[in-house]
Amino acid sequence: MIESIRLGWFGGSTLFSSKFPPLWLSRNIQTIAGLLAIGILAIAQTVPVPLLTSTLNRFGLSIFDSYQRLSPRIYQDAAVRVVDIDDETIRQYGQWPWPRTDLARLTLALGQAGAAAVAFDIVFSEEDRTSPLQLADRFASTDPSIADALRTLPDNDGQFSQVIAAIPTVTGYFLTNEKEGQQAVPKAGIVVSGTTPNSVVDYRNAVLNLPQLEAAAAGSGFLSIRADADSVIRRVPLIARQGKTLLPSLSLDALRVALQAESVVVKTTDGSGENGNPGDLVALQISDIEVPTSYAGELWMHYTKQVPERVVPAWKILSGALTDQEMGRLFGGHIVFIGTGAIGLRDLRSTPMSDAVPGVMIHAEATEQMILKQFLYRPDWAIGLERSLLIIFGAILVLALPRLGAAKGALLGGAAMIAIAAGSFLAFSQYNYLLNPSWPVLAILVAYVLVTVLTYYREERQRAYIHKAFDRYLAPELVKRIADDPSQLNLGGELRPMSVLFCDIRSFSSISENMSPNEIIEFLIAFLTPMTDLMLDRKATIDKYIGDAILAFWNAPLDDPEHHQNAARAALEMVARLKQLNITFQGQDDVPWPDEVSIGIGINSGPCCVGNMGSQQRLSYSLIGDTVNLASRLEGLTKYYGIQIAIGSDLQRHISSFATLEIDRVRVVGRETPEVVSVLLGDDSLAGQSEFVAFQAKHGEMMSAYVAQKWDKAEVCLGWLIDHCAKFGLGKTYAHYTSRIAAFKANPPGENWDGVFTATEK
């Protein structure tokens with residue numbers, strides 16, 4: 001019957017035909033579902049699905065951030081400097097805002113040093129409160145004479161505007177959407193090549209500088225930078241608009257002023273021949289510098305690490321700490337941005353390189369990129385390439401998975417994801433292309449999970465039907481293994497290190513002699529159940545029950561790195577539990593329990609062959625090997641030595657922190673190689689007690705003297721040990737040694753004696 005069922009499964013009978021579709025149809029269902037999912041993802045990349053698209057785009061931006069940290073832009077001196085009003089400057093020159101005369105002095109010093117343009121990352125929207133005219137109004141009612149005197153002094157804003165007019169200066173202003181209000185007017189001429197761009201951000205209001213400052217400046221640009229949803233600035237807008245008026249950014253107009261250009265050329269898709277909707281911005285032209293932008297007129301930032309050479313603290317200029325030669329070297333022919341990096345002024349932004357970067361540094365780096373023509377590109381073919389990779393890799397995995405299986409499919413999918421990620425990083429680091437790997441990677445994950453889940457569902461249905469077909473004929477544990485893997489019907493096993501335990505009830509024949517068969521069964525259930533629970537709690541596999549004996553092992557079928565310790569602790573717990581059972585069942589009638597039940601346990605560790613063993617008719621998951629045989633012999637030796645737990649030398653080495661004693665060197669029945677037998681008395685808590693440490697030392701002294709044939713010394717040690725051995729239950733062991741030493745004193749074993757005792761019983 002078993003053979004016919006096996007042939008039905010492997011030979012193509014109709015055993016399962018009424019329950020399952022053919023295998024090719026199952027695989028086609030998985031393939032169709034996988035390809036459909038890939039198609040949906042490809043469409044979602046083109047027609048945005050709000051949550052999915054935003055999540056993947058954010059993930060892609062995070063990937064680009066990691067690329068920047070791994071491969072930042074190498075700093076080159078592009079004739080751009082930042083004058084930082086830092087904490088030390090504030091400490092020396094007082095709190096912000098400063099008198100405009102100080103700023104005029106700072107600007108004049110930069111102009112005299114030969115700066116090509118001085119750009120302010122600061123908005124001067126209100127009059128200087130420290131100006132003489134402002135102070136005169138305060139004294140007008142209290143002291144008119146002081147007020148009149150103050151009105152004769154030069155106005156601070158006027159002095160500042162005169163310096164601005166004399167030095168090529170670019171002012172900054174904010175664009176907002178709070179409400180309609182002021183209209184910014186560009187200093188630069190904006191020439192549009194193509195359709196007027198409608199893809200740039202439109203603002204309703206502007207926070208401008210004082211009119212006299214704005215009129216005196218050679219250029220002006222907006223400071224507003226929109227961060228991404230996670231507050232990180234990855235792109236800097238170079239062009240914005242108010243209504244129909246196009247406006248340049250501070251960095252863009254600073255470059256124009258430095259190049260002494262009159263205008264900026266704005267190129268859109270239909271004016272440059274690139275793909276996209278009409279009016280989508282693609283590039284800006286200033287003199288001979290063409291700057292690629294996103295459709296929204298943004299420059300993808302490629303940041304450098306923090307570079308001290310780029311920054312000069314403002315106090316060094318105001319205090320005259322720099323010589324004329326140093327000023328000329330630092331600022332001559334340079335575009336100089338003035339901004340506030342002091343912590344208290346809070347003009348700090350997040351970038352992929354740092355959580356706190358002064359905003360002026362971002363404008364400066366944008367200008368550097370334009371001068372050096374070092375740009376990051378998100379080319380118009382990027383989405384098409386990403387979609388193609390999504391479809392190709394997703395489809396390959398969908399088609400290959402049913403044939404490869406989950407493990408090999410995972411390797412293929414992992415290799416594909418690594419290749420995509422590596423290609424994306426290579427495109428960034430070598431060619432400055434921004435190619436988002438998240439969509440193709442998601443397609444691979446979706447393909448793998450979907451096909452694997454469908455395969456798992458099909459196989460689970462097959463397993464359920466296998467149980468129905470087989471469990472009437474085979475053991476349940478074998479049915480489960482066949483359901484998990486039908487190839488397990490083959491005979492054989494694997495070699496692995498294991499711990500093996502034999503447990504046997506002492507004098508079971510005498511116990512069973514006084515019980516009926518039913519009482520024997522009740523007694524064994526009452527004994528075996530708690531013993532089994534203890535071993536299972538310690539990750540044991542119960543091999544079999546042999547009457548009153550138990551065979552268990554560790555480290556198969558599942559790995560157990562602590563199998564030595566688990567086996568030892570299980571044995572100790574079994575001994576302790578038996579003491580409780582003897583007390584619990586003594587004198588009661590519910591369970592037929594003898595007055596005193598004792599056990600012997602033998603544990604050994606080493607290599608074993610474990611697997612399905614037996615015959616073609618019936619298999620059993622079990623183990624064989626010398627390790628198993630020796631464990632059985634160790635259990636038999638417990639009767640001879642009067643101990644409860646005997647362990648082999650390999651196990652003793654692995655539980656050296658436990659309380660163990662070497663009790664003999666024995667050549668067991670059926671085995672030529674002698675074995676060092678030890679007794680397991682307790683765990684590491686007992687091993688650390690001073691009483692045991694002293695006992696262990698004296699026992700070791702006795703054993704050394706015994707092996708060295710120093711009989712008198714051995715007898716002295718034995719006398720002490722016998723007086724102190726009651727707690728450790730070694731009285732019978734020491735009685736054997738007393739008899740042996742007396743016999744050896746009468747008949748010495750000779751010089752070649754190795755101290756080995758040859759057992760004659762199992």
# chains A, B, ... in the order shown; residues from 1 in each chain; ligands from 1

$ residues_around --residues "A:Thr101" --least-positions-apart "2" --cutoff "9 Å" --atoms "only C-alpha atoms" --output "list in words"
Trp98, Pro99, Leu103, Ala104, Arg105, Leu106, Ser131, Asn156, Asp157, Gln159 and Phe160 of chain A

$ residues_around --residues "A:Tyr93" --least-positions-apart "2" --cutoff "10 Å" --atoms "only C-alpha atoms" --output "compact mmCIF listing (two decimals) with C-alpha atoms, in the first residue's frame"
# COMPACT_ATOMS: atom_id res chain seq x y z
CA ILE A 85 28.87 86.53 11.06
CA GLU A 88 32.85 85.03 17.82
CA THR A 89 31.93 88.01 15.62
CA ILE A 90 28.73 88.55 17.61
CA ARG A 91 30.74 88.34 20.83
CA GLN A 95 24.18 91.54 19.23
CA TRP A 96 22.37 91.47 15.92
CA TRP A 98 24.20 95.71 13.79
CA ASP A 102 29.28 98.34 10.40
CA ALA A 314 33.52 88.64 9.70
CA TRP A 315 35.45 89.79 12.77
CA LEU A 318 36.22 94.36 10.70
CA SER A 319 39.09 94.21 13.17

$ closest_residue --among "A:Val185, A:Asp533, A:Gly172, A:Glu494" --to "A:Met613" --atoms "only C-alpha atoms"
A:Glu494

$ select_by_dssp --residues "stretch 348-399 of chain A" --states "helix (DSSP H, G or I)" --output "number ranges by chain"
A: 359-372, 382-399

$ closest_residue --among "A:Ala694, A:Gly394, A:Pro594, A:Pro313" --to "A:Gln92" --atoms "only C-alpha atoms"
A:Pro313

$ atom_distance --atom1 "atom CA of A:Tyr456" --atom2 "atom CA of A:Ala416"
22.6 Å

$ atom_distance --atom1 "atom CA of A:Pro50" --atom2 "atom CA of A:Ser354"
28.9 Å

$ decode --residues "stretch 674-697 of chain A" --atoms "N, CA, C and O atoms" --output "PDB file, in the first residue's frame"
ATOM      1  N   PRO A 674      39.480   3.132  26.002  1.00  0.00           N
ATOM      2  CA  PRO A 674      38.967   3.504  27.328  1.00  0.00           C
ATOM      3  C   PRO A 674      38.378   4.910  27.323  1.00  0.00           C
ATOM      4  O   PRO A 674      38.725   5.746  26.497  1.00  0.00           O
ATOM      5  N   GLU A 675      37.496   5.161  28.254  1.00  0.00           N
ATOM      6  CA  GLU A 675      36.807   6.443  28.367  1.00  0.00           C
ATOM      7  C   GLU A 675      36.962   6.973  29.787  1.00  0.00           C
ATOM      8  O   GLU A 675      36.859   6.223  30.771  1.00  0.00           O
ATOM      9  N   VAL A 676      37.223   8.277  29.887  1.00  0.00           N
ATOM     10  CA  VAL A 676      37.255   8.929  31.195  1.00  0.00           C
ATOM     11  C   VAL A 676      35.817   9.222  31.595  1.00  0.00           C
ATOM     12  O   VAL A 676      35.114   9.989  30.926  1.00  0.00           O
ATOM     13  N   VAL A 677      35.368   8.590  32.676  1.00  0.00           N
ATOM     14  CA  VAL A 677      33.982   8.737  33.139  1.00  0.00           C
ATOM     15  C   VAL A 677      33.954   9.726  34.291  1.00  0.00           C
ATOM     16  O   VAL A 677      34.769   9.637  35.227  1.00  0.00           O
ATOM     17  N   SER A 678      33.010  10.670  34.206  1.00  0.00           N
ATOM     18  CA  SER A 678      32.851  11.661  35.274  1.00  0.00           C
ATOM     19  C   SER A 678      31.428  11.597  35.799  1.00  0.00           C
ATOM     20  O   SER A 678      30.510  11.126  35.122  1.00  0.00           O
ATOM     21  N   VAL A 679      31.264  12.083  37.021  1.00  0.00           N
ATOM     22  CA  VAL A 679      29.940  12.192  37.612  1.00  0.00           C
ATOM     23  C   VAL A 679      29.526  13.663  37.573  1.00  0.00           C
ATOM     24  O   VAL A 679      30.332  14.555  37.843  1.00  0.00           O
ATOM     25  N   LEU A 680      28.291  13.898  37.188  1.00  0.00           N
ATOM     26  CA  LEU A 680      27.733  15.253  37.180  1.00  0.00           C
ATOM     27  C   LEU A 680      26.931  15.421  38.455  1.00  0.00           C
ATOM     28  O   LEU A 680      25.912  14.749  38.666  1.00  0.00           O
ATOM     29  N   LEU A 681      27.406  16.349  39.318  1.00  0.00           N
ATOM     30  CA  LEU A 681      26.769  16.554  40.622  1.00  0.00           C
ATOM     31  C   LEU A 681      25.904  17.803  40.681  1.00  0.00           C
ATOM     32  O   LEU A 681      24.985  17.886  41.492  1.00  0.00           O
ATOM     33  N   GLY A 682      26.189  18.800  39.859  1.00  0.00           N
ATOM     34  CA  GLY A 682      25.418  20.035  39.913  1.00  0.00           C
ATOM     35  C   GLY A 682      25.887  21.013  38.845  1.00  0.00           C
ATOM     36  O   GLY A 682      26.816  20.729  38.080  1.00  0.00           O
ATOM     37  N   ASP A 683      25.242  22.157  38.832  1.00  0.00           N
ATOM     38  CA  ASP A 683      25.592  23.166  37.821  1.00  0.00           C
ATOM     39  C   ASP A 683      26.678  24.087  38.352  1.00  0.00           C
ATOM     40  O   ASP A 683      27.337  23.779  39.360  1.00  0.00           O
ATOM     41  N   ASP A 684      26.847  25.234  37.700  1.00  0.00           N
ATOM     42  CA  ASP A 684      27.933  26.131  38.079  1.00  0.00           C
ATOM     43  C   ASP A 684      27.743  26.761  39.449  1.00  0.00           C
ATOM     44  O   ASP A 684      28.710  27.211  40.066  1.00  0.00           O
ATOM     45  N   SER A 685      26.506  26.800  39.968  1.00  0.00           N
ATOM     46  CA  SER A 685      26.310  27.356  41.305  1.00  0.00           C
ATOM     47  C   SER A 685      26.932  26.457  42.367  1.00  0.00           C
ATOM     48  O   SER A 685      27.543  26.931  43.326  1.00  0.00           O
ATOM     49  N   LEU A 686      26.792  25.137  42.216  1.00  0.00           N
ATOM     50  CA  LEU A 686      27.447  24.210  43.143  1.00  0.00           C
ATOM     51  C   LEU A 686      28.952  24.234  42.943  1.00  0.00           C
ATOM     52  O   LEU A 686      29.719  24.172  43.916  1.00  0.00           O
ATOM     53  N   ALA A 687      29.388  24.337  41.697  1.00  0.00           N
ATOM     54  CA  ALA A 687      30.827  24.324  41.423  1.00  0.00           C
ATOM     55  C   ALA A 687      31.545  25.474  42.103  1.00  0.00           C
ATOM     56  O   ALA A 687      32.744  25.382  42.389  1.00  0.00           O
ATOM     57  N   GLY A 688      30.859  26.569  42.382  1.00  0.00           N
ATOM     58  CA  GLY A 688      31.505  27.718  43.007  1.00  0.00           C
ATOM     59  C   GLY A 688      31.503  27.683  44.520  1.00  0.00           C
ATOM     60  O   GLY A 688      32.105  28.555  45.159  1.00  0.00           O
ATOM     61  N   GLN A 689      30.824  26.721  45.122  1.00  0.00           N
ATOM     62  CA  GLN A 689      30.767  26.656  46.588  1.00  0.00           C
ATOM     63  C   GLN A 689      32.086  26.131  47.155  1.00  0.00           C
ATOM     64  O   GLN A 689      32.682  25.196  46.623  1.00  0.00           O
ATOM     65  N   SER A 690      32.509  26.728  48.242  1.00  0.00           N
ATOM     66  CA  SER A 690      33.810  26.382  48.826  1.00  0.00           C
ATOM     67  C   SER A 690      33.869  24.919  49.263  1.00  0.00           C
ATOM     68  O   SER A 690      34.909  24.261  49.146  1.00  0.00           O
ATOM     69  N   GLU A 691      32.747  24.394  49.757  1.00  0.00           N
ATOM     70  CA  GLU A 691      32.727  22.999  50.207  1.00  0.00           C
ATOM     71  C   GLU A 691      33.033  22.054  49.047  1.00  0.00           C
ATOM     72  O   GLU A 691      33.819  21.103  49.176  1.00  0.00           O
ATOM     73  N   PHE A 692      32.409  22.337  47.887  1.00  0.00           N
ATOM     74  CA  PHE A 692      32.659  21.472  46.730  1.00  0.00           C
ATOM     75  C   PHE A 692      34.081  21.662  46.202  1.00  0.00           C
ATOM     76  O   PHE A 692      34.729  20.696  45.787  1.00  0.00           O
ATOM     77  N   VAL A 693      34.560  22.905  46.191  1.00  0.00           N
ATOM     78  CA  VAL A 693      35.914  23.162  45.691  1.00  0.00           C
ATOM     79  C   VAL A 693      36.938  22.363  46.491  1.00  0.00           C
ATOM     80  O   VAL A 693      37.863  21.746  45.933  1.00  0.00           O
ATOM     81  N   ALA A 694      36.766  22.331  47.818  1.00  0.00           N
ATOM     82  CA  ALA A 694      37.693  21.564  48.662  1.00  0.00           C
ATOM     83  C   ALA A 694      37.561  20.071  48.394  1.00  0.00           C
ATOM     84  O   ALA A 694      38.561  19.337  48.296  1.00  0.00           O
ATOM     85  N   PHE A 695      36.288  19.630  48.264  1.00  0.00           N
ATOM     86  CA  PHE A 695      36.057  18.204  47.992  1.00  0.00           C
ATOM     87  C   PHE A 695      36.646  17.811  46.644  1.00  0.00           C
ATOM     88  O   PHE A 695      37.265  16.748  46.498  1.00  0.00           O
ATOM     89  N   GLN A 696      36.483  18.659  45.642  1.00  0.00           N
ATOM     90  CA  GLN A 696      36.996  18.389  44.297  1.00  0.00           C
ATOM     91  C   GLN A 696      38.519  18.287  44.308  1.00  0.00           C
ATOM     92  O   GLN A 696      39.107  17.416  43.655  1.00  0.00           O
ATOM     93  N   ALA A 697      39.151  19.195  45.067  1.00  0.00           N
ATOM     94  CA  ALA A 697      40.612  19.179  45.136  1.00  0.00           C
ATOM     95  C   ALA A 697      41.116  17.888  45.785  1.00  0.00           C
ATOM     96  O   ALA A 697      42.076  17.253  45.303  1.00  0.00           O
TER      97      ALA A 697
END
